[in-house]
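What's in run25.pdb: PDB, C-alpha atoms
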```pdb
ATOM      1  CA  MET A   1    -128.512 -34.519 -12.858  1.00  0.00           C
ATOM      2  CA  SER A   2    -128.221 -35.283 -16.555  1.00  0.00           C
ATOM      3  CA  GLN A   3    -130.457 -37.873 -18.078  1.00  0.00           C
ATOM      4  CA  VAL A   4    -128.877 -40.901 -19.740  1.00  0.00           C
ATOM      5  CA  PRO A   5    -129.981 -41.046 -23.370  1.00  0.00           C
ATOM      6  CA  THR A   6    -132.072 -43.997 -24.426  1.00  0.00           C
ATOM      7  CA  PRO A   7    -130.764 -46.126 -27.305  1.00  0.00           C
ATOM      8  CA  GLU A   8    -133.514 -44.720 -29.532  1.00  0.00           C
ATOM      9  CA  ALA A   9    -132.412 -41.155 -28.736  1.00  0.00           C
ATOM     10  CA  THR A  10    -128.725 -41.871 -29.226  1.00  0.00           C
ATOM     11  CA  PRO A  11    -127.468 -41.288 -32.750  1.00  0.00           C
ATOM     12  CA  ALA A  12    -125.247 -43.950 -34.261  1.00  0.00           C
ATOM     13  CA  LEU A  13    -121.621 -43.050 -34.733  1.00  0.00           C
ATOM     14  CA  PRO A  14    -120.986 -41.892 -38.285  1.00  0.00           C
ATOM     15  CA  SER A  15    -119.342 -43.868 -41.013  1.00  0.00           C
ATOM     16  CA  GLY A  16    -117.389 -42.290 -43.839  1.00  0.00           C
ATOM     17  CA  PRO A  17    -114.970 -39.459 -44.439  1.00  0.00           C
ATOM     18  CA  PHE A  18    -114.593 -36.445 -42.168  1.00  0.00           C
ATOM     19  CA  VAL A  19    -112.741 -33.150 -42.525  1.00  0.00           C
ATOM     20  CA  GLY A  20    -111.816 -30.524 -39.972  1.00  0.00           C
ATOM     21  CA  ARG A  21    -110.208 -30.304 -36.586  1.00  0.00           C
ATOM     22  CA  GLU A  22    -113.464 -29.621 -34.714  1.00  0.00           C
ATOM     23  CA  THR A  23    -115.229 -32.448 -36.566  1.00  0.00           C
ATOM     24  CA  PHE A  24    -112.422 -34.788 -35.498  1.00  0.00           C
ATOM     25  CA  ARG A  25    -112.629 -33.602 -31.887  1.00  0.00           C
ATOM     26  CA  GLN A  26    -116.409 -34.092 -31.874  1.00  0.00           C
ATOM     27  CA  LEU A  27    -116.018 -37.612 -33.249  1.00  0.00           C
ATOM     28  CA  VAL A  28    -113.643 -38.399 -30.371  1.00  0.00           C
ATOM     29  CA  ARG A  29    -116.140 -36.976 -27.848  1.00  0.00           C
ATOM     30  CA  ASP A  30    -118.998 -38.953 -29.406  1.00  0.00           C
ATOM     31  CA  ALA A  31    -116.975 -42.169 -29.535  1.00  0.00           C
ATOM     32  CA  LEU A  32    -115.980 -41.948 -25.875  1.00  0.00           C
ATOM     33  CA  ALA A  33    -119.581 -41.244 -24.886  1.00  0.00           C
ATOM     34  CA  ALA A  34    -120.634 -44.303 -26.926  1.00  0.00           C
ATOM     35  CA  ALA A  35    -117.948 -46.398 -25.219  1.00  0.00           C
ATOM     36  CA  ALA A  36    -119.431 -45.463 -21.834  1.00  0.00           C
ATOM     37  CA  ARG A  37    -123.000 -45.960 -22.982  1.00  0.00           C
ATOM     38  CA  GLU A  38    -122.404 -49.270 -24.757  1.00  0.00           C
ATOM     39  CA  GLY A  39    -119.719 -50.756 -22.520  1.00  0.00           C
ATOM     40  CA  TRP A  40    -116.937 -51.198 -25.048  1.00  0.00           C
ATOM     41  CA  PRO A  41    -114.298 -53.434 -23.395  1.00  0.00           C
ATOM     42  CA  GLU A  42    -111.193 -51.841 -24.908  1.00  0.00           C
ATOM     43  CA  LEU A  43    -110.121 -48.555 -26.433  1.00  0.00           C
ATOM     44  CA  ARG A  44    -106.891 -47.724 -28.194  1.00  0.00           C
ATOM     45  CA  LEU A  45    -105.926 -44.120 -28.832  1.00  0.00           C
ATOM     46  CA  CYS A  46    -102.893 -43.334 -30.944  1.00  0.00           C
ATOM     47  CA  ASP A  47    -101.370 -40.039 -32.036  1.00  0.00           C
ATOM     48  CA  ALA A  48     -97.918 -38.499 -32.304  1.00  0.00           C
ATOM     49  CA  SER A  49     -98.649 -36.045 -29.450  1.00  0.00           C
ATOM     50  CA  PHE A  50    -102.439 -35.916 -28.794  1.00  0.00           C
ATOM     51  CA  ALA A  51    -102.202 -32.139 -29.246  1.00  0.00           C
ATOM     52  CA  ASP A  52    -105.483 -31.907 -31.221  1.00  0.00           C
ATOM     53  CA  TRP A  53    -107.439 -34.332 -29.062  1.00  0.00           C
ATOM     54  CA  PRO A  54    -109.998 -33.157 -26.463  1.00  0.00           C
ATOM     55  CA  LEU A  55    -108.506 -35.327 -23.694  1.00  0.00           C
ATOM     56  CA  GLY A  56    -108.601 -32.638 -21.025  1.00  0.00           C
ATOM     57  CA  GLU A  57    -112.224 -31.639 -21.532  1.00  0.00           C
ATOM     58  CA  ARG A  58    -114.626 -32.254 -18.668  1.00  0.00           C
ATOM     59  CA  GLN A  59    -117.126 -34.025 -20.967  1.00  0.00           C
ATOM     60  CA  VAL A  60    -114.444 -36.413 -22.252  1.00  0.00           C
ATOM     61  CA  LEU A  61    -113.207 -37.235 -18.756  1.00  0.00           C
ATOM     62  CA  GLU A  62    -116.779 -37.815 -17.576  1.00  0.00           C
ATOM     63  CA  SER A  63    -117.290 -40.261 -20.446  1.00  0.00           C
ATOM     64  CA  LEU A  64    -114.003 -42.031 -19.711  1.00  0.00           C
ATOM     65  CA  THR A  65    -114.817 -42.226 -15.993  1.00  0.00           C
ATOM     66  CA  ALA A  66    -118.275 -43.661 -16.669  1.00  0.00           C
ATOM     67  CA  TRP A  67    -116.687 -46.164 -19.038  1.00  0.00           C
ATOM     68  CA  MET A  68    -114.058 -47.212 -16.478  1.00  0.00           C
ATOM     69  CA  ARG A  69    -116.629 -47.600 -13.689  1.00  0.00           C
ATOM     70  CA  GLN A  70    -118.651 -50.195 -15.550  1.00  0.00           C
ATOM     71  CA  GLY A  71    -118.342 -53.802 -14.541  1.00  0.00           C
ATOM     72  CA  GLY A  72    -115.953 -56.100 -16.307  1.00  0.00           C
ATOM     73  CA  GLU A  73    -112.495 -55.394 -17.549  1.00  0.00           C
ATOM     74  CA  ARG A  74    -111.992 -52.049 -19.222  1.00  0.00           C
ATOM     75  CA  ARG A  75    -108.650 -51.380 -20.858  1.00  0.00           C
ATOM     76  CA  LEU A  76    -107.335 -48.165 -22.355  1.00  0.00           C
ATOM     77  CA  VAL A  77    -104.159 -48.223 -24.423  1.00  0.00           C
ATOM     78  CA  LEU A  78    -102.504 -44.946 -25.400  1.00  0.00           C
ATOM     79  CA  LEU A  79     -99.696 -44.802 -27.927  1.00  0.00           C
ATOM     80  CA  ALA A  80     -97.803 -41.619 -28.758  1.00  0.00           C
ATOM     81  CA  ARG A  81     -94.451 -40.587 -30.092  1.00  0.00           C
ATOM     82  CA  CYS A  82     -94.074 -38.579 -26.899  1.00  0.00           C
ATOM     83  CA  TYR A  83     -96.370 -37.264 -24.182  1.00  0.00           C
ATOM     84  CA  ASP A  84     -94.664 -33.884 -23.588  1.00  0.00           C
ATOM     85  CA  GLU A  85     -97.707 -31.874 -24.646  1.00  0.00           C
ATOM     86  CA  VAL A  86    -100.285 -33.885 -22.694  1.00  0.00           C
ATOM     87  CA  PRO A  87     -99.643 -32.283 -19.259  1.00  0.00           C
ATOM     88  CA  ARG A  88     -99.544 -28.801 -20.821  1.00  0.00           C
ATOM     89  CA  GLN A  89    -102.571 -29.091 -23.088  1.00  0.00           C
ATOM     90  CA  HIS A  90    -104.694 -31.594 -21.176  1.00  0.00           C
ATOM     91  CA  ALA A  91    -104.054 -30.751 -17.531  1.00  0.00           C
ATOM     92  CA  ARG A  92    -107.225 -32.464 -16.267  1.00  0.00           C
ATOM     93  CA  PHE A  93    -106.255 -35.686 -18.015  1.00  0.00           C
ATOM     94  CA  VAL A  94    -103.081 -36.163 -15.932  1.00  0.00           C
ATOM     95  CA  PRO A  95    -104.775 -36.751 -12.530  1.00  0.00           C
ATOM     96  CA  TRP A  96    -107.473 -38.811 -14.243  1.00  0.00           C
ATOM     97  CA  ARG A  97    -104.757 -40.981 -15.782  1.00  0.00           C
ATOM     98  CA  GLN A  98    -103.145 -41.379 -12.331  1.00  0.00           C
ATOM     99  CA  GLN A  99    -106.452 -42.468 -10.793  1.00  0.00           C
ATOM    100  CA  TRP A 100    -107.027 -45.154 -13.412  1.00  0.00           C
ATOM    101  CA  ASP A 101    -103.396 -46.240 -13.851  1.00  0.00           C
ATOM    102  CA  HIS A 102    -104.264 -49.882 -13.150  1.00  0.00           C
ATOM    103  CA  ARG A 103    -106.364 -49.995 -16.357  1.00  0.00           C
ATOM    104  CA  ILE A 104    -104.294 -47.792 -18.638  1.00  0.00           C
ATOM    105  CA  ASP A 105    -101.274 -48.794 -20.664  1.00  0.00           C
ATOM    106  CA  CYS A 106     -99.348 -45.809 -22.020  1.00  0.00           C
ATOM    107  CA  ARG A 107     -96.746 -46.654 -24.632  1.00  0.00           C
ATOM    108  CA  ALA A 108     -94.299 -44.458 -26.541  1.00  0.00           C
ATOM    109  CA  ARG A 109     -92.561 -44.688 -29.920  1.00  0.00           C
ATOM    110  CA  ALA A 110     -89.930 -41.967 -29.546  1.00  0.00           C
ATOM    111  CA  ASP A 111     -88.138 -43.277 -32.639  1.00  0.00           C
ATOM    112  CA  ALA A 112     -91.217 -42.986 -34.868  1.00  0.00           C
ATOM    113  CA  ASP A 113     -91.594 -40.303 -37.481  1.00  0.00           C
ATOM    114  CA  PRO A 114     -94.597 -38.210 -36.331  1.00  0.00           C
ATOM    115  CA  ASP A 115     -96.086 -38.448 -39.827  1.00  0.00           C
ATOM    116  CA  ASP A 116     -95.899 -42.253 -39.829  1.00  0.00           C
ATOM    117  CA  LEU A 117     -97.598 -42.917 -36.483  1.00  0.00           C
ATOM    118  CA  PRO A 118    -101.361 -43.433 -36.911  1.00  0.00           C
ATOM    119  CA  SER A 119    -103.720 -40.840 -35.480  1.00  0.00           C
ATOM    120  CA  ALA A 120    -106.610 -43.069 -34.521  1.00  0.00           C
ATOM    121  CA  LEU A 121    -109.223 -44.218 -32.051  1.00  0.00           C
ATOM    122  CA  TRP A 122    -109.929 -47.943 -32.200  1.00  0.00           C
ATOM    123  CA  SER A 123    -112.539 -50.164 -30.617  1.00  0.00           C
ATOM    124  CA  ALA A 124    -113.688 -53.583 -31.744  1.00  0.00           C
ATOM    125  CA  GLY A 125    -116.944 -52.176 -33.122  1.00  0.00           C
ATOM    126  CA  TRP A 126    -116.062 -48.683 -34.434  1.00  0.00           C
ATOM    127  CA  CYS A 127    -112.920 -46.777 -35.282  1.00  0.00           C
ATOM    128  CA  LEU A 128    -111.668 -43.519 -36.699  1.00  0.00           C
ATOM    129  CA  GLU A 129    -108.391 -42.621 -38.304  1.00  0.00           C
ATOM    130  CA  ARG A 130    -107.035 -39.257 -39.361  1.00  0.00           C
ATOM    131  CA  LEU A 131    -105.332 -39.992 -42.639  1.00  0.00           C
ATOM    132  CA  ASP A 132    -104.025 -36.404 -42.852  1.00  0.00           C
ATOM    133  CA  PRO A 133    -103.567 -34.999 -39.324  1.00  0.00           C
ATOM    134  CA  ARG A 134    -102.443 -31.597 -40.642  1.00  0.00           C
ATOM    135  CA  ARG A 135    -105.760 -31.105 -42.435  1.00  0.00           C
ATOM    136  CA  ALA A 136    -107.640 -33.170 -39.828  1.00  0.00           C
ATOM    137  CA  SER A 137    -109.197 -35.354 -42.472  1.00  0.00           C
ATOM    138  CA  GLY A 138    -109.837 -39.032 -42.254  1.00  0.00           C
ATOM    139  CA  VAL A 139    -112.408 -41.768 -42.136  1.00  0.00           C
ATOM    140  CA  SER A 140    -114.529 -43.451 -39.498  1.00  0.00           C
ATOM    141  CA  GLY A 141    -116.804 -46.436 -39.447  1.00  0.00           C
ATOM    142  CA  ALA A 142    -117.922 -49.735 -38.008  1.00  0.00           C
ATOM    143  CA  GLU A 143    -116.953 -51.924 -40.949  1.00  0.00           C
ATOM    144  CA  PRO A 144    -115.216 -55.005 -39.507  1.00  0.00           C
ATOM    145  CA  GLU A 145    -112.451 -54.977 -42.126  1.00  0.00           C
ATOM    146  CA  ARG A 146    -111.657 -51.298 -41.393  1.00  0.00           C
ATOM    147  CA  CYS A 147    -111.478 -51.936 -37.645  1.00  0.00           C
ATOM    148  CA  GLN A 148    -109.395 -55.095 -38.142  1.00  0.00           C
ATOM    149  CA  ARG A 149    -106.921 -53.322 -40.451  1.00  0.00           C
ATOM    150  CA  LEU A 150    -106.493 -50.492 -37.959  1.00  0.00           C
ATOM    151  CA  ARG A 151    -106.094 -52.941 -35.071  1.00  0.00           C
ATOM    152  CA  GLN A 152    -103.325 -54.735 -36.956  1.00  0.00           C
ATOM    153  CA  ALA A 153    -101.536 -51.448 -37.689  1.00  0.00           C
ATOM    154  CA  LEU A 154    -101.748 -50.429 -34.025  1.00  0.00           C
ATOM    155  CA  ASP A 155    -100.545 -53.874 -32.905  1.00  0.00           C
ATOM    156  CA  GLU A 156     -97.459 -53.467 -35.093  1.00  0.00           C
ATOM    157  CA  GLU A 157     -96.723 -50.036 -33.608  1.00  0.00           C
ATOM    158  CA  LEU A 158     -97.245 -51.338 -30.071  1.00  0.00           C
ATOM    159  CA  LYS A 159     -94.724 -54.146 -30.644  1.00  0.00           C
ATOM    160  CA  ARG A 160     -92.027 -51.489 -31.131  1.00  0.00           C
ATOM    161  CA  ALA A 161     -93.216 -49.227 -28.304  1.00  0.00           C
ATOM    162  CA  ARG A 162     -91.829 -48.824 -24.812  1.00  0.00           C
ATOM    163  CA  PRO A 163     -93.613 -47.768 -21.626  1.00  0.00           C
ATOM    164  CA  GLY A 164     -94.294 -44.039 -21.617  1.00  0.00           C
ATOM    165  CA  PHE A 165     -96.211 -41.354 -19.684  1.00  0.00           C
ATOM    166  CA  ALA A 166     -95.789 -42.831 -16.215  1.00  0.00           C
ATOM    167  CA  ALA A 167     -98.622 -42.180 -13.777  1.00  0.00           C
ATOM    168  CA  THR A 168     -96.146 -40.980 -11.187  1.00  0.00           C
ATOM    169  CA  THR A 169     -92.524 -39.907 -11.207  1.00  0.00           C
ATOM    170  CA  LEU A 170     -90.215 -41.038  -8.463  1.00  0.00           C
ATOM    171  CA  GLU A 171     -87.795 -38.497  -7.081  1.00  0.00           C
ATOM    172  CA  LEU A 172     -84.658 -40.577  -6.501  1.00  0.00           C
TER     173      LEU A 172
END
```
Output the file's structure as structure tokens, nothing else.
Amino acid sequence: MSQVPTPEATPALPSGPFVGRETFRQLVRDALAAAAREGWPELRLCDASFADWPLGERQVLESLTAWMRQGGERRLVLLARCYDEVPRQHARFVPWRQQWDHRIDCRARADADPDDLPSALWSAGWCLERLDPRRASGVSGAEPERCQRLRQALDEELKRARPGFAATTLEL
């Protein structure tokens, strides 16, 4: 059984610029582990397709499951242009999403230009945003103004979004 890290042994999430696809993926892993460890109440993940995200990795799903199992209300909001690649690239994520459907809101902006939709992970206390998804470069941090600005941008996108990535499909 793995040992839960103590707060003293847990590094703080970084603040500042980042570059590289693997660096981005590691930041996502670290943020989701921090969400589970620290009990963040809400997470918002946004990307045109989530193709570069580590959503199907065992470690990520373990972090998300631990986060969901904590007391209180946990809410995960996903926003994508479309979710076509998620079942193909993140096969483990699909049954996990079905299990936690009651706490997950998946929204889609099919009309959005893929380059205009933010690629971001937001929480009230820390966020990251890929400013150039093609080069996987962006910025992360816990500065309140950064998190607030990103929250407002995501809120605007969510206002124009429709339900997407249903947990189940009905054969009618």
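Going from CA of Arg130 (chain A) to CA of Arg75 (chain A) covers 22.2 Å.
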Expand the PyMOL selection byres ((chain A and resi 94) around 10) into the individual residues it matches in the shown file, reporting them as a CSV table (one decimal) with C-alpha atoms, in the frame of the given file.
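Output (expr_23.csv):
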```csv
chain,number,residue,atom,x,y,z
A,55,LEU,CA,-108.5,-35.3,-23.7
A,56,GLY,CA,-108.6,-32.6,-21.0
A,86,VAL,CA,-100.3,-33.9,-22.7
A,87,PRO,CA,-99.6,-32.3,-19.3
A,88,ARG,CA,-99.5,-28.8,-20.8
A,90,HIS,CA,-104.7,-31.6,-21.2
A,91,ALA,CA,-104.1,-30.8,-17.5
A,92,ARG,CA,-107.2,-32.5,-16.3
A,93,PHE,CA,-106.3,-35.7,-18.0
A,95,PRO,CA,-104.8,-36.8,-12.5
A,96,TRP,CA,-107.5,-38.8,-14.2
A,97,ARG,CA,-104.8,-41.0,-15.8
A,98,GLN,CA,-103.1,-41.4,-12.3
A,99,GLN,CA,-106.5,-42.5,-10.8
A,165,PHE,CA,-96.2,-41.4,-19.7
A,166,ALA,CA,-95.8,-42.8,-16.2
A,167,ALA,CA,-98.6,-42.2,-13.8
A,168,THR,CA,-96.1,-41.0,-11.2
```
Selection result of the PyMOL selection byres ((chain A and resi 27-33) around 9) on this file, as a ChimeraX atom specification: /A:13-14,22-26,34-38,43,53-55,59-64,66-67,121,126-128,140
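Those residues returned by the PyMOL selection byres ((chain A and resi 115) around 10) for this file are A:Asp47, A:Ala48, A:Ala112, A:Asp113, A:Pro114, A:Asp116, A:Leu117, A:Pro118, A:Ser119, A:Leu131, A:Asp132, A:Pro133, A:Arg134.
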One-decimal distance in Å that lies between CA of Ala12 (chain A) and CA of Arg103 (chain A): 26.7 Å
Residue list as a PyMOL selection string for point (-112.5, -50.4, -22.7), cut-off 6 Å, all atoms listed in the file: chain A and resi 40-43+74-76
Of the listed residues A:Gln89, A:Glu145, A:Glu73, A:Lys159, that which approaches Glu57 (chain A) most closely, counting all atoms listed in the file: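 With all atoms listed in the file as the atom set, the closest residue is A:Gln89.
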Distance query Arg162 (chain A) at most 8 Å, only C-alpha atoms, self and fewer than 4 positions along chain excluded, as an MDAnalysis selection string: chainID A and resid 107:109 158
Atom-to-atom span, CA of Cys106 (chain A) and CA of Leu78 (chain A), Å: 4.7 Å
Given only C-alpha atoms as the counted atoms, nearest of A:Val77, A:Ile104, A:Ala110, A:Met68 to Ala161 (chain A):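 When distances to Ala161 (chain A) are compared using only C-alpha atoms, the smallest one comes from A:Ala110.
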Which residue of A:Val19, A:Arg69, A:Glu85, A:Arg44 approaches Cys147 (chain A) most closely, using all atoms listed in the file: A:Arg44
Pick from A:Leu45, A:Ala51, A:Ala124, A:Leu79 nearest to Glu157 (chain A), counting all atoms listed in the file: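 Closest candidate: A:Leu79.
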